[in-house]
Structure formats: C-alpha cells, structure tokens
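S.K.: This one is coords_36.pdb, PDB, C-alpha atoms and all ligand atoms.
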ATOM      1  CA  MET A  22      32.316  33.729  34.273
ATOM      2  CA  GLY A  23      28.767  34.686  35.239
ATOM      3  CA  GLU A  24      25.440  33.032  34.714
ATOM      4  CA  LEU A  25      23.101  35.910  33.848
ATOM      5  CA  LEU A  26      22.458  34.558  30.337
ATOM      6  CA  ARG A  27      22.840  30.841  30.998
ATOM      7  CA  GLY A  28      20.692  28.764  28.619
ATOM      8  CA  LYS A  29      19.978  31.738  26.355
ATOM      9  CA  THR A  30      20.762  32.049  22.660
ATOM     10  CA  ALA A  31      21.635  35.487  21.314
ATOM     11  CA  LEU A  32      21.850  36.842  17.767
ATOM     12  CA  VAL A  33      24.328  39.716  17.458
ATOM     13  CA  LEU A  34      24.379  41.867  14.302
ATOM     14  CA  GLY A  35      27.170  44.416  13.800
ATOM     15  CA  VAL A  36      30.511  42.797  14.647
ATOM     16  CA  ALA A  37      33.014  44.099  12.079
ATOM     17  CA  ASN A  38      36.225  43.724  14.098
ATOM     18  CA  LYS A  39      37.464  43.445  17.677
ATOM     19  CA  TRP A  40      36.891  47.177  18.305
ATOM     20  CA  SER A  41      33.177  46.921  17.440
ATOM     21  CA  ILE A  42      30.787  47.571  20.329
ATOM     22  CA  ALA A  43      28.995  44.412  19.147
ATOM     23  CA  TYR A  44      32.193  42.419  19.789
ATOM     24  CA  ALA A  45      32.420  43.702  23.386
ATOM     25  CA  ILE A  46      28.743  42.772  23.818
ATOM     26  CA  SER A  47      29.319  39.315  22.296
ATOM     27  CA  SER A  48      32.246  38.649  24.678
ATOM     28  CA  ALA A  49      30.188  39.712  27.697
ATOM     29  CA  PHE A  50      27.262  37.541  26.556
ATOM     30  CA  VAL A  51      29.576  34.503  26.288
ATOM     31  CA  ARG A  52      31.083  35.314  29.706
ATOM     32  CA  GLU A  53      27.528  35.153  31.098
ATOM     33  CA  GLY A  54      26.842  31.764  29.520
ATOM     34  CA  ALA A  55      24.923  32.676  26.343
ATOM     35  CA  SER A  56      25.413  30.845  23.079
ATOM     36  CA  LEU A  57      25.903  33.127  20.114
ATOM     37  CA  VAL A  58      25.001  33.552  16.478
ATOM     38  CA  LEU A  59      26.893  36.357  14.720
ATOM     39  CA  THR A  60      26.243  38.044  11.391
ATOM     40  CA  TYR A  61      28.587  39.966   9.107
ATOM     41  CA  GLN A  62      27.984  42.452   6.313
ATOM     42  CA  GLY A  63      29.134  40.857   3.072
ATOM     43  CA  GLU A  64      32.114  38.792   1.902
ATOM     44  CA  ARG A  65      34.697  41.467   2.755
ATOM     45  CA  GLN A  66      34.060  40.931   6.485
ATOM     46  CA  ARG A  67      33.570  37.171   6.407
ATOM     47  CA  GLU A  68      37.069  36.025   7.379
ATOM     48  CA  THR A  69      37.508  38.454  10.304
ATOM     49  CA  VAL A  70      34.069  37.812  11.761
ATOM     50  CA  GLU A  71      34.436  34.029  11.322
ATOM     51  CA  GLU A  72      37.695  34.213  13.307
ATOM     52  CA  LEU A  73      36.067  36.250  16.072
ATOM     53  CA  GLY A  74      33.098  33.862  16.015
ATOM     54  CA  ALA A  75      35.419  30.869  16.420
ATOM     55  CA  GLU A  76      37.147  32.560  19.360
ATOM     56  CA  LEU A  77      33.738  33.173  20.998
ATOM     57  CA  LYS A  78      32.554  29.633  20.138
ATOM     58  CA  ALA A  79      29.613  31.055  18.181
ATOM     59  CA  SER A  80      27.341  28.293  16.933
ATOM     60  CA  GLU A  81      26.979  30.115  13.590
ATOM     61  CA  VAL A  82      28.368  33.074  11.662
ATOM     62  CA  LEU A  83      26.002  34.158   8.888
ATOM     63  CA  ASN A  84      26.039  36.750   6.132
ATOM     64  CA  CYS A  85      23.463  39.549   6.510
ATOM     65  CA  ASP A  86      23.410  42.906   4.769
ATOM     66  CA  VAL A  87      20.350  44.569   6.299
ATOM     67  CA  THR A  88      19.590  46.498   3.111
ATOM     68  CA  ARG A  89      18.876  43.186   1.324
ATOM     69  CA  SER A  90      15.526  41.741   2.342
ATOM     70  CA  GLY A  91      16.619  38.403   0.847
ATOM     71  CA  ASP A  92      19.491  38.285   3.370
ATOM     72  CA  LEU A  93      17.031  38.762   6.249
ATOM     73  CA  ASP A  94      14.757  35.990   4.922
ATOM     74  CA  THR A  95      17.755  33.655   4.551
ATOM     75  CA  LEU A  96      18.965  34.583   8.055
ATOM     76  CA  ALA A  97      15.562  33.748   9.562
ATOM     77  CA  ALA A  98      15.399  30.459   7.622
ATOM     78  CA  SER A  99      18.951  29.398   8.675
ATOM     79  CA  LEU A 100      18.213  30.267  12.296
ATOM     80  CA  ASN A 101      14.992  28.312  12.164
ATOM     81  CA  GLN A 102      17.088  25.242  11.261
ATOM     82  CA  SER A 103      19.994  25.733  13.663
ATOM     83  CA  SER A 104      18.692  27.821  16.596
ATOM     84  CA  PRO A 105      14.898  27.599  16.453
ATOM     85  CA  VAL A 106      14.531  29.434  19.774
ATOM     86  CA  LEU A 107      16.182  32.840  20.164
ATOM     87  CA  ASP A 108      16.168  34.776  23.429
ATOM     88  CA  ALA A 109      18.125  37.935  22.675
ATOM     89  CA  VAL A 110      18.931  40.074  19.655
ATOM     90  CA  VAL A 111      21.497  42.878  19.533
ATOM     91  CA  HIS A 112      21.331  45.368  16.646
ATOM     92  CA  SER A 113      24.578  47.351  16.479
ATOM     93  CA  ILE A 114      24.447  48.764  12.955
ATOM     94  CA  ALA A 115      24.647  52.261  11.492
ATOM     95  CA  PHE A 116      25.783  53.856   8.273
ATOM     96  CA  ALA A 117      25.683  57.238   6.537
ATOM     97  CA  ASN A 118      27.733  58.633   3.672
ATOM     98  CA  LYS A 119      30.985  60.075   4.952
ATOM     99  CA  GLU A 120      30.385  63.444   3.265
ATOM    100  CA  ASP A 121      27.080  63.774   5.120
ATOM    101  CA  LEU A 122      29.055  63.592   8.399
ATOM    102  CA  SER A 123      31.296  66.534   7.540
ATOM    103  CA  HIS A 124      29.208  69.020   5.510
ATOM    104  CA  PRO A 125      26.403  71.191   6.931
ATOM    105  CA  PHE A 126      23.237  69.148   7.620
ATOM    106  CA  ILE A 127      21.200  71.340   5.252
ATOM    107  CA  GLU A 128      23.251  69.961   2.347
ATOM    108  CA  THR A 129      22.170  66.347   2.989
ATOM    109  CA  SER A 130      20.958  64.789  -0.272
ATOM    110  CA  ARG A 131      17.710  62.848  -0.515
ATOM    111  CA  GLU A 132      19.745  59.676  -1.226
ATOM    112  CA  GLY A 133      22.053  60.250   1.742
ATOM    113  CA  TYR A 134      19.142  60.892   4.079
ATOM    114  CA  LEU A 135      17.290  57.767   2.930
ATOM    115  CA  LEU A 136      20.440  55.607   3.119
ATOM    116  CA  ALA A 137      21.092  56.629   6.740
ATOM    117  CA  GLN A 138      17.453  55.938   7.635
ATOM    118  CA  GLU A 139      17.420  52.586   5.849
ATOM    119  CA  VAL A 140      20.601  51.160   7.375
ATOM    120  CA  SER A 141      20.487  52.808  10.796
ATOM    121  CA  ALA A 142      16.769  52.899  11.688
ATOM    122  CA  TYR A 143      14.534  50.869   9.366
ATOM    123  CA  SER A 144      16.840  47.854   9.715
ATOM    124  CA  LEU A 145      15.772  47.471  13.366
ATOM    125  CA  VAL A 146      12.163  47.105  12.220
ATOM    126  CA  ALA A 147      13.084  44.654   9.444
ATOM    127  CA  VAL A 148      15.345  42.555  11.696
ATOM    128  CA  SER A 149      12.714  42.490  14.454
ATOM    129  CA  ARG A 150      10.019  41.309  12.039
ATOM    130  CA  ALA A 151      12.310  38.603  10.636
ATOM    131  CA  VAL A 152      13.446  37.117  13.950
ATOM    132  CA  THR A 153      10.602  37.609  16.444
ATOM    133  CA  PRO A 154       8.840  34.413  15.239
ATOM    134  CA  LEU A 155      11.879  32.570  16.664
ATOM    135  CA  MET A 156      11.601  34.303  20.075
ATOM    136  CA  LYS A 157       9.135  31.709  21.304
ATOM    137  CA  ARG A 158       9.928  32.201  25.003
ATOM    138  CA  GLY A 159       9.780  35.998  24.686
ATOM    139  CA  GLY A 160      13.091  37.803  25.080
ATOM    140  CA  SER A 161      14.929  41.021  24.439
ATOM    141  CA  ILE A 162      15.943  43.186  21.477
ATOM    142  CA  THR A 163      18.592  45.854  22.102
ATOM    143  CA  THR A 164      19.949  48.494  19.742
ATOM    144  CA  LEU A 165      22.706  51.114  20.045
ATOM    145  CA  THR A 166      22.038  54.827  19.814
ATOM    146  CA  TYR A 167      23.783  58.139  20.475
ATOM    147  CA  LEU A 168      22.951  61.488  22.121
ATOM    148  CA  GLY A 169      22.951  63.201  18.695
ATOM    149  CA  SER A 170      19.357  61.931  18.353
ATOM    150  CA  THR A 171      18.038  64.603  20.706
ATOM    151  CA  ARG A 172      20.865  67.197  20.831
ATOM    152  CA  VAL A 173      22.797  68.832  18.055
ATOM    153  CA  VAL A 174      26.288  67.300  17.966
ATOM    154  CA  GLN A 175      28.703  68.769  15.456
ATOM    155  CA  ASN A 176      28.991  66.638  12.286
ATOM    156  CA  TYR A 177      26.557  63.943  13.495
ATOM    157  CA  ASN A 178      23.939  65.479  11.184
ATOM    158  CA  VAL A 179      21.949  62.909   9.217
ATOM    159  CA  MET A 180      22.930  60.194  11.709
ATOM    160  CA  GLY A 181      21.259  62.221  14.484
ATOM    161  CA  VAL A 182      18.010  62.231  12.531
ATOM    162  CA  ALA A 183      18.352  58.480  11.898
ATOM    163  CA  LYS A 184      18.967  57.825  15.627
ATOM    164  CA  ALA A 185      15.855  59.867  16.487
ATOM    165  CA  ALA A 186      13.880  57.542  14.183
ATOM    166  CA  LEU A 187      15.631  54.517  15.724
ATOM    167  CA  GLU A 188      14.687  55.547  19.283
ATOM    168  CA  ALA A 189      11.067  56.169  18.236
ATOM    169  CA  SER A 190      11.085  52.756  16.496
ATOM    170  CA  VAL A 191      12.214  51.184  19.795
ATOM    171  CA  ARG A 192       9.086  52.571  21.487
ATOM    172  CA  TYR A 193       6.668  51.419  18.760
ATOM    173  CA  LEU A 194       8.312  47.975  18.565
ATOM    174  CA  ALA A 195       8.148  47.668  22.362
ATOM    175  CA  SER A 196       4.416  48.368  22.127
ATOM    176  CA  ASP A 197       3.856  45.824  19.318
ATOM    177  CA  LEU A 198       5.942  43.068  20.899
ATOM    178  CA  GLY A 199       5.124  43.467  24.593
ATOM    179  CA  SER A 200       2.238  41.008  24.426
ATOM    180  CA  ALA A 201       4.664  38.352  23.110
ATOM    181  CA  GLY A 202       6.930  38.964  26.128
ATOM    182  CA  ILE A 203       9.560  40.616  23.944
ATOM    183  CA  ARG A 204      11.229  43.734  25.354
ATOM    184  CA  VAL A 205      12.856  46.340  23.098
ATOM    185  CA  ASN A 206      15.385  48.904  24.355
ATOM    186  CA  ALA A 207      18.253  51.110  23.228
ATOM    187  CA  ILE A 208      21.587  51.819  24.885
ATOM    188  CA  SER A 209      22.844  55.349  24.298
ATOM    189  CA  ALA A 210      26.619  54.976  24.471
ATOM    190  CA  GLY A 211      29.133  57.769  24.957
ATOM    191  CA  PRO A 212      31.765  58.243  22.210
ATOM    192  CA  ILE A 213      34.039  55.197  21.702
ATOM    193  CA  LYS A 214      36.926  54.905  19.237
ATOM    194  CA  THR A 215      35.631  52.195  16.876
ATOM    195  CA  ALA A 216      35.910  51.912  13.081
ATOM    196  CA  SER A 217      32.709  54.016  12.883
ATOM    197  CA  ALA A 218      34.410  56.828  14.792
ATOM    198  CA  ARG A 219      38.005  56.772  13.585
ATOM    199  CA  GLY A 220      37.469  58.680  10.378
ATOM    200  CA  ILE A 221      35.421  61.407  12.035
ATOM    201  CA  LYS A 222      36.946  64.876  12.049
ATOM    202  CA  ASP A 223      37.991  66.056  15.536
ATOM    203  CA  PHE A 224      36.907  62.783  17.193
ATOM    204  CA  SER A 225      39.797  63.012  19.667
ATOM    205  CA  LYS A 226      38.572  66.492  20.653
ATOM    206  CA  VAL A 227      35.101  65.018  21.246
ATOM    207  CA  LEU A 228      36.622  62.329  23.501
ATOM    208  CA  ASP A 229      38.658  64.905  25.434
ATOM    209  CA  ALA A 230      35.679  67.267  25.881
ATOM    210  CA  VAL A 231      33.450  64.440  27.093
ATOM    211  CA  SER A 232      36.028  63.118  29.544
ATOM    212  CA  SER A 233      36.540  66.518  31.102
ATOM    213  CA  LEU A 234      32.821  67.385  31.357
ATOM    214  CA  ALA A 235      31.161  64.046  32.192
ATOM    215  CA  PRO A 236      30.286  63.532  35.878
ATOM    216  CA  LEU A 237      32.595  60.499  36.011
ATOM    217  CA  ARG A 238      35.394  62.598  34.381
ATOM    218  CA  ARG A 239      36.282  59.904  31.867
ATOM    219  CA  SER A 240      35.111  58.479  28.561
ATOM    220  CA  THR A 241      32.999  55.385  27.935
ATOM    221  CA  ASP A 242      34.523  51.917  27.841
ATOM    222  CA  PRO A 243      32.927  49.382  25.449
ATOM    223  CA  ALA A 244      32.914  46.842  28.320
ATOM    224  CA  GLU A 245      30.544  49.142  30.261
ATOM    225  CA  VAL A 246      28.166  49.252  27.312
ATOM    226  CA  ALA A 247      28.444  45.461  27.052
ATOM    227  CA  ASP A 248      27.522  44.970  30.715
ATOM    228  CA  ALA A 249      24.406  47.140  30.252
ATOM    229  CA  ALA A 250      23.535  44.982  27.227
ATOM    230  CA  VAL A 251      23.902  41.867  29.432
ATOM    231  CA  PHE A 252      21.483  43.412  31.937
ATOM    232  CA  LEU A 253      18.916  44.268  29.247
ATOM    233  CA  ALA A 254      19.129  40.768  27.729
ATOM    234  CA  SER A 255      18.842  39.117  31.148
ATOM    235  CA  ASP A 256      15.798  38.399  33.279
ATOM    236  CA  LEU A 257      16.976  41.150  35.656
ATOM    237  CA  ALA A 258      15.543  43.635  33.121
ATOM    238  CA  ARG A 259      12.188  41.821  32.865
ATOM    239  CA  GLY A 260      10.304  45.047  33.650
ATOM    240  CA  VAL A 261      12.266  47.305  31.276
ATOM    241  CA  THR A 262      10.997  47.978  27.754
ATOM    242  CA  GLY A 263      10.759  50.872  25.307
ATOM    243  CA  ASN A 264      13.612  52.649  27.057
ATOM    244  CA  THR A 265      16.874  54.353  26.184
ATOM    245  CA  VAL A 266      19.519  53.594  28.817
ATOM    246  CA  PHE A 267      22.494  55.991  28.844
ATOM    247  CA  VAL A 268      25.944  54.467  29.350
ATOM    248  CA  ASP A 269      27.982  57.622  28.877
ATOM    249  CA  ALA A 270      29.802  58.423  32.161
ATOM    250  CA  GLY A 271      26.818  60.709  32.859
ATOM    251  CA  PHE A 272      27.554  63.185  30.057
ATOM    252  CA  GLN A 273      23.930  63.602  28.934
ATOM    253  CA  ILE A 274      22.859  65.279  32.209
ATOM    254  CA  VAL A 275      25.352  68.130  31.836
ATOM    255  CA  GLY A 276      23.916  71.478  30.778
ATOM    256  CA  LEU A 277      26.663  74.061  30.845
ATOM    257  CA  GLY A 278      29.825  72.284  31.906
ATOM    258  CA  LEU A 279      32.878  74.331  32.850
ATOM    259  CA  SER A 280      34.984  71.251  33.699
TER     260      SER A 280
HETATM  261  P1  LIG B 301      31.428  49.461  13.967
HETATM  262  O1  LIG B 301      31.876  50.104  12.708
HETATM  263  O2  LIG B 301      32.297  48.462  14.575
HETATM  264  O3  LIG B 301      29.972  48.837  13.802
HETATM  265  C1  LIG B 301      29.040  49.285  12.812
HETATM  266  C2  LIG B 301      28.501  48.031  12.172
HETATM  267  O4  LIG B 301      27.462  48.335  11.248
HETATM  268  C3  LIG B 301      29.583  47.266  11.362
HETATM  269  O5  LIG B 301      29.692  45.942  11.845
HETATM  270  C4  LIG B 301      29.030  47.278   9.948
HETATM  271  O6  LIG B 301      29.339  46.109   9.213
HETATM  272  C5  LIG B 301      27.544  47.367  10.244
HETATM  273  N1  LIG B 301      26.772  47.742   9.069
HETATM  274  C6  LIG B 301      26.792  48.915   8.375
HETATM  275  N2  LIG B 301      25.976  48.820   7.293
HETATM  276  C7  LIG B 301      25.426  47.574   7.323
HETATM  277  C8  LIG B 301      24.526  46.862   6.479
HETATM  278  N3  LIG B 301      24.015  47.417   5.358
HETATM  279  N4  LIG B 301      24.179  45.587   6.807
HETATM  280  C9  LIG B 301      24.699  44.995   7.925
HETATM  281  N5  LIG B 301      25.558  45.617   8.751
HETATM  282  C10 LIG B 301      25.919  46.892   8.452
HETATM  283  O7  LIG B 301      31.166  50.705  14.970
HETATM  284  P2  LIG B 301      30.467  50.782  16.391
HETATM  285  O8  LIG B 301      30.910  52.080  16.958
HETATM  286  O9  LIG B 301      30.658  49.534  17.129
HETATM  287  O10 LIG B 301      28.924  50.967  16.011
HETATM  288  C11 LIG B 301      27.896  50.095  16.440
HETATM  289  C12 LIG B 301      26.646  50.880  16.839
HETATM  290  O11 LIG B 301      26.941  51.685  17.973
HETATM  291  C13 LIG B 301      26.127  51.826  15.772
HETATM  292  O12 LIG B 301      24.710  51.791  15.764
HETATM  293  C14 LIG B 301      26.598  53.173  16.273
HETATM  294  O13 LIG B 301      25.770  54.219  15.805
HETATM  295  C15 LIG B 301      26.441  52.969  17.748
HETATM  296  N6  LIG B 301      27.167  53.918  18.606
HETATM  297  C16 LIG B 301      28.509  54.106  18.456
HETATM  298  C17 LIG B 301      29.173  55.021  19.283
HETATM  299  C18 LIG B 301      30.646  55.291  19.121
HETATM  300  O14 LIG B 301      31.105  56.331  19.602
HETATM  301  N7  LIG B 301      31.413  54.394  18.520
HETATM  302  C19 LIG B 301      28.447  55.719  20.271
HETATM  303  C20 LIG B 301      27.081  55.489  20.401
HETATM  304  C21 LIG B 301      26.438  54.587  19.559
HETATM  305  C1  LIG B 302      29.985  60.141  13.968
HETATM  306  C2  LIG B 302      29.970  61.271  13.153
HETATM  307  C3  LIG B 302      30.090  62.549  13.666
HETATM  308  C4  LIG B 302      30.207  62.749  15.019
HETATM  309  C5  LIG B 302      30.213  61.626  15.842
HETATM  310  C6  LIG B 302      30.110  60.320  15.316
HETATM  311  N1  LIG B 302      30.311  61.511  17.197
HETATM  312  C7  LIG B 302      30.253  60.192  17.563
HETATM  313  C8  LIG B 302      30.149  59.405  16.400
HETATM  314  C9  LIG B 302      30.470  62.650  18.117
HETATM  315  C10 LIG B 302      30.291  59.687  18.948
HETATM  316  C11 LIG B 302      30.093  57.889  16.312
HETATM  317  N2  LIG B 302      28.685  57.421  16.273
HETATM  318  C12 LIG B 302      27.894  57.627  17.478
HETATM  319  C13 LIG B 302      28.086  56.834  15.163
HETATM  320  O1  LIG B 302      26.910  56.482  15.238
HETATM  321  C14 LIG B 302      28.800  56.675  13.894
HETATM  322  C15 LIG B 302      28.143  56.363  12.744
HETATM  323  C16 LIG B 302      28.745  56.331  11.440
HETATM  324  C17 LIG B 302      30.094  56.517  11.191
HETATM  325  C18 LIG B 302      30.573  56.483   9.875
HETATM  326  C19 LIG B 302      32.021  56.726   9.543
HETATM  327  C20 LIG B 302      32.420  56.151   8.210
HETATM  328  C21 LIG B 302      31.365  56.249   7.143
HETATM  329  N3  LIG B 302      30.048  56.257   7.533
HETATM  330  C22 LIG B 302      29.640  56.264   8.827
HETATM  331  N4  LIG B 302      28.328  56.106   9.089
HETATM  332  C23 LIG B 302      27.878  56.125  10.357
HETATM  333  O2  LIG B 302      31.681  56.269   5.959
END
Can you turn what I pasted into structure tokens?

M.R.:
Amino acid sequence: MGELLRGKTALVLGVANKWSIAYAISSAFVREGASLVLTYQGERQRETVEELGAELKASEVLNCDVTRSGDLDTLAASLNQSSPVLDAVVHSIAFANKEDLSHPFIETSREGYLLAQEVSAYSLVAVSRAVTPLMKRGGSITTLTYLGSTRVVQNYNVMGVAKAALEASVRYLASDLGSAGIRVNAISAGPIKTASARGIKDFSKVLDAVSSLAPLRRSTDPAEVADAAVFLASDLARGVTGNTVFVDAGFQIVGLGLS
C-alpha cells in the first residue's frame, strides 16, 4: 500500500476484463490510495466490470460508450452528483475493424478509417471536454498509445494512424488545459497480451521479437505500465505535460537489432 494518490479521485475508462491495461492501472491506483470510478462499454460488459469494480471498491461503475455523446453527457452529470471533484482520468480505449488490422493499409475503407479515429483518438477530446469542468483542483489525464503511431508495424495499419492523431491530440489538449492546472500525457506501452491483442495474427511472434531485441530483453508487464500511470497521475509528475512516456522495456530506441 502506497500513498502517492491518497485523497485523489480517478475516473478510469477502458476496463473490459482483468487482462485490460486499465484494470492493472485501476489496481495500482487503489494500492496508492485513490478512490475510483470505472466505466464500461455497454450492457454486455456490465456484469464483469461491476464485479471488478466491487473488488476494487470503486465508488461507481457507469455505462459509457464513447461514440455516444449522450453517454458522455450522462457520465459528466452522474459524476457531478457523486464525485464532483475529479483529480485523474485514464483513457484506455481503442477500436478498429478487425479486417483493417489484417489487410494492407491501402485497402482501409473510409468507414473503417473514421471508426478507428472516432473511437481511438477523438474520444480523448470528447472525454476531456466532458470531465474537465469537474477537475476543479487541476489534475491529470493519461491515455494509452503504441509505437505504431510513428513507425510502421505490420498489421497495425489504421490503428497507427489513429494513435498518431491521439498523440497529437495529447499535445493540443495539454496546451488548452495547462492554464487550468490539468496535465495531459500518453503512455506508449510495449505489446501486452490483452483482449485487444489476442486475435491479432502473429502476436506471439511480435512478443518474442520484442523480448529478444528490447534492451531489457523481456516484454512489457501491465503492472509496469500501471506504475507509470500512477506517477503521471501523482504530484510527482507535476512538471510533466504533453508527453509520450515509453514503457516498453526500451524497445523504441533500437534501430537495427541483431539480438
Ligand atoms: P482491452 O481490450 O482490454 O481494452 C480496450 C478497451 O476499449 C475495452 O475496455 C473496450 O471496451 C474499450 N472500448 C472500445 N470501444 C469503445 C467504445 N466505443 N466506448 C467505450 N469503450 C470502448 O485492451 P488493452 O490492450 O488493455 O487496450 C487499452 C489501450 O491500450 C488501448 O488504447 C490500446 O491501444 C492501448 N495499448 C495496448 C497495447 C497492447 O499490446 N495490448 C500496447 C500499447 C497500447
Ligand atoms: C494490434 C493490431 C496489429 C498489431 C498489433 C496490435 N500490435 C500490437 C497491437 C503489434 C501491440 C495491440 N495494440 C497496441 C492495440 O492498440 C490494439 C488495438 C485494437 C485491437 C483490436 C482487435 C479486435 C478488433 N479490433 C481491434 N481494434 C483495436 O476487432
């Protein structure tokens, strides 16, 4: 048990199950003394996320599909009732059509491109606008990104373009919100076997390649990402905004790796 987030209230969006990076972050936040509000995406996830919320003693577990602006308005209104002061927000949400993550990028349809942008990048802007009025003491907004935003990673395709937009959105949001004492950052995590990775072709090969080439010679543990999220949400990171922090066993520095 630590105290880095004692007295802080955090909203975490993106817990689907216990493998979710957002779940590891939620557990670390609770360990550091934060109180939590979780959201889930639609009825299908309600039971699982309510169970995880109960285990983490979350004060609330609310429905929020980020593509529905009504859901964001309702979320802000419910929070205003129950947790009128928020200190930290974690956005751990991404989605693209499965076929767009296996076919050549040039074949991406207009609809598929816009869907990936809407869910994976625009949602950070929409969530930030909805909840920043509750961040009355200032605070921190953190999102999750991946190296495919700036490098070509096989099959990441339309998600890479969406993550590039997400990282640029982090910088513009940091600029808008700095005067309110709100910091905005991204964590660029190395590959982790979550529900969003399991269906991906050759994902085990990606994990093996990364663990042999990364300076630390291993893959990324969700608990390491969670501890970086604790840092960014805490007052220790009071001077850090607009940044992308890599938690990837060092993989992103490697040029030509021969293991
Ligand atoms: P995950 O599947 O557990 O989490 C993705 C979450 O996005 C789910 O909770 C899902 O419900 C949510 N989501 C999708 N569409 C939504 C919508 N319309 N409204 C609300 N929520 C929606 O997988 P994860 O790996 O924990 O992914 C979390 C974040 O981490 C994503 O942004 C992902 O891009 C990023 N990331 C993952 C890895 C990895 O290797 N797993 C690496 C780097 C970054
Ligand atoms: C995803 C696709 C291709 C390569 C990939 C990934 N690599 C990594 C991921 C190398 C690490 C996981 N990742 C970083 C993501 O952001 C995943 C996003 C994602 C995954 C799915 C799978 C199921 C589906 N849609 C998805 N949308 C986004 O239908």

S.K.: So what do you get for atom C16 of ligand LIG 302 (chain B) versus atom CA of A:Gly211, distance-wise?

M.R.: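 These atoms are spaced 13.6 Å apart.
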
S.K.: Please produce, as CSV, a per-residue contact table for chain A versus ligand LIG 301 (chain B) (criterion: any atom at most 6 Å away, all atoms listed in the file considered), showing the nearest atom pair and its distance in Å to one decimal, sorted by chain then residue number.

M.R.:
residue,atom,partner,partner_atom,distance
A:Gly35,CA,B:LIG301,O5,3.5
A:Val36,CA,B:LIG301,O5,4.3
A:Ala37,CA,B:LIG301,O5,3.8
A:Ser41,CA,B:LIG301,O2,3.4
A:Ile42,CA,B:LIG301,O9,3.8
A:Ala43,CA,B:LIG301,O9,5.8
A:Gln62,CA,B:LIG301,C9,4.5
A:Cys85,CA,B:LIG301,C9,5.8
A:Asp86,CA,B:LIG301,N4,3.5
A:Val87,CA,B:LIG301,N4,4.0
A:Thr88,CA,B:LIG301,N3,5.0
A:Ser113,CA,B:LIG301,C12,4.1
A:Ile114,CA,B:LIG301,O4,3.5
A:Ala115,CA,B:LIG301,O12,4.3
A:Phe116,CA,B:LIG301,C6,5.0
A:Val140,CA,B:LIG301,N3,5.5
A:Leu165,CA,B:LIG301,O11,4.7
A:Thr166,CA,B:LIG301,C21,4.4
A:Tyr167,CA,B:LIG301,C20,4.2
A:Ser209,CA,B:LIG301,C20,5.8
A:Ala210,CA,B:LIG301,C20,4.1
A:Gly211,CA,B:LIG301,C19,5.2
A:Pro212,CA,B:LIG301,O14,3.3
A:Ile213,CA,B:LIG301,O14,3.8
A:Lys214,CA,B:LIG301,N7,5.6
A:Thr215,CA,B:LIG301,O8,4.7
A:Ala216,CA,B:LIG301,O1,4.4
A:Ser217,CA,B:LIG301,O1,4.0
A:Ala218,CA,B:LIG301,N7,5.4

S.K.: A:Val33, A:Leu57, A:Ala45, A:Val227: which is nearest ligand LIG 302 (chain B), counting all atoms listed in the file?

M.R.: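 Of the candidates, the smallest distance to ligand LIG 302 (chain B) is held by A:Val227.
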
S.K.: Could you tell me which of A:Thr95, A:Asn206, A:Asn118, A:Ser141 comes closest to ligand LIG 302 (chain B) if we count all atoms listed in the file?

M.R.: A:Asn118

S.K.: Counting all atoms listed in the file, what is within 12 Å of A:Glu68, bar same-chain residues fewer than 4 positions away, as JSON, numbers by chain?

M.R.: {"A": [36, 37, 38, 60, 61, 62, 63, 64, 72, 73, 74, 75, 82, 83, 84]}

S.K.: Tell me which residues the PyMOL selection byres (((chain A and resi 193) around 12) and not hetatm) grabs here, as a CSV table (one decimal) with C-alpha atoms, in the frame of the given file.

M.R.:
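Result saved to part12.csv:
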chain,number,residue,atom,x,y,z
A,145,LEU,CA,15.8,47.5,13.4
A,146,VAL,CA,12.2,47.1,12.2
A,149,SER,CA,12.7,42.5,14.5
A,186,ALA,CA,13.9,57.5,14.2
A,187,LEU,CA,15.6,54.5,15.7
A,188,GLU,CA,14.7,55.5,19.3
A,189,ALA,CA,11.1,56.2,18.2
A,190,SER,CA,11.1,52.8,16.5
A,191,VAL,CA,12.2,51.2,19.8
A,192,ARG,CA,9.1,52.6,21.5
A,194,LEU,CA,8.3,48.0,18.6
A,195,ALA,CA,8.1,47.7,22.4
A,196,SER,CA,4.4,48.4,22.1
A,197,ASP,CA,3.9,45.8,19.3
A,198,LEU,CA,5.9,43.1,20.9
A,199,GLY,CA,5.1,43.5,24.6
A,204,ARG,CA,11.2,43.7,25.4
A,205,VAL,CA,12.9,46.3,23.1
A,206,ASN,CA,15.4,48.9,24.4
A,262,THR,CA,11.0,48.0,27.8
A,263,GLY,CA,10.8,50.9,25.3
A,264,ASN,CA,13.6,52.6,27.1

S.K.: Please, what distance in Å, to one decimal, runs between atom CA of A:Ala185 and atom CA of A:Leu253?

M.R.: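 One can read the atom CA of A:Ala185 to atom CA of A:Leu253 distance as 20.4 Å.
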
S.K.: Between A:Gly28, A:Gln175, A:Lys222, A:Ile208, which has the minimum distance to A:Glu245 (counting all atoms listed in the file)?

M.R.: A:Ile208

S.K.: Restricting the calculation to only C-alpha atoms: of A:Phe126, A:Phe252, A:Phe224, A:Tyr143, which residue gets closest to A:Val179?

M.R.: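 Of A:Phe126, A:Phe252, A:Phe224, A:Tyr143, the one nearest A:Val179 is A:Phe126, counting only C-alpha atoms.
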
S.K.: Report as lines of an AutoDock Vina configuration file the centre and the edge lengths, in Å to one decimal, of the axis-aligned box holding every listed atom of ligand LIG 302 (chain B), padded by 5 Å on each side.

M.R.:
center_x = 29.7
center_y = 59.4
center_z = 12.5
size_x = 15.5
size_y = 16.6
size_z = 23.0

S.K.: Tell me, as a count of residues only, which residues lie within 12 Å of A:Ser99, counting all atoms listed in the file; anything in the same chain fewer than 3 positions away does not count.

M.R.: 21

S.K.: Which residue, A:Val231, A:Ala249, A:Val70, A:Leu257, has the smallest gap to ligand LIG 302 (chain B) when you use all atoms listed in the file?

M.R.: A:Val231
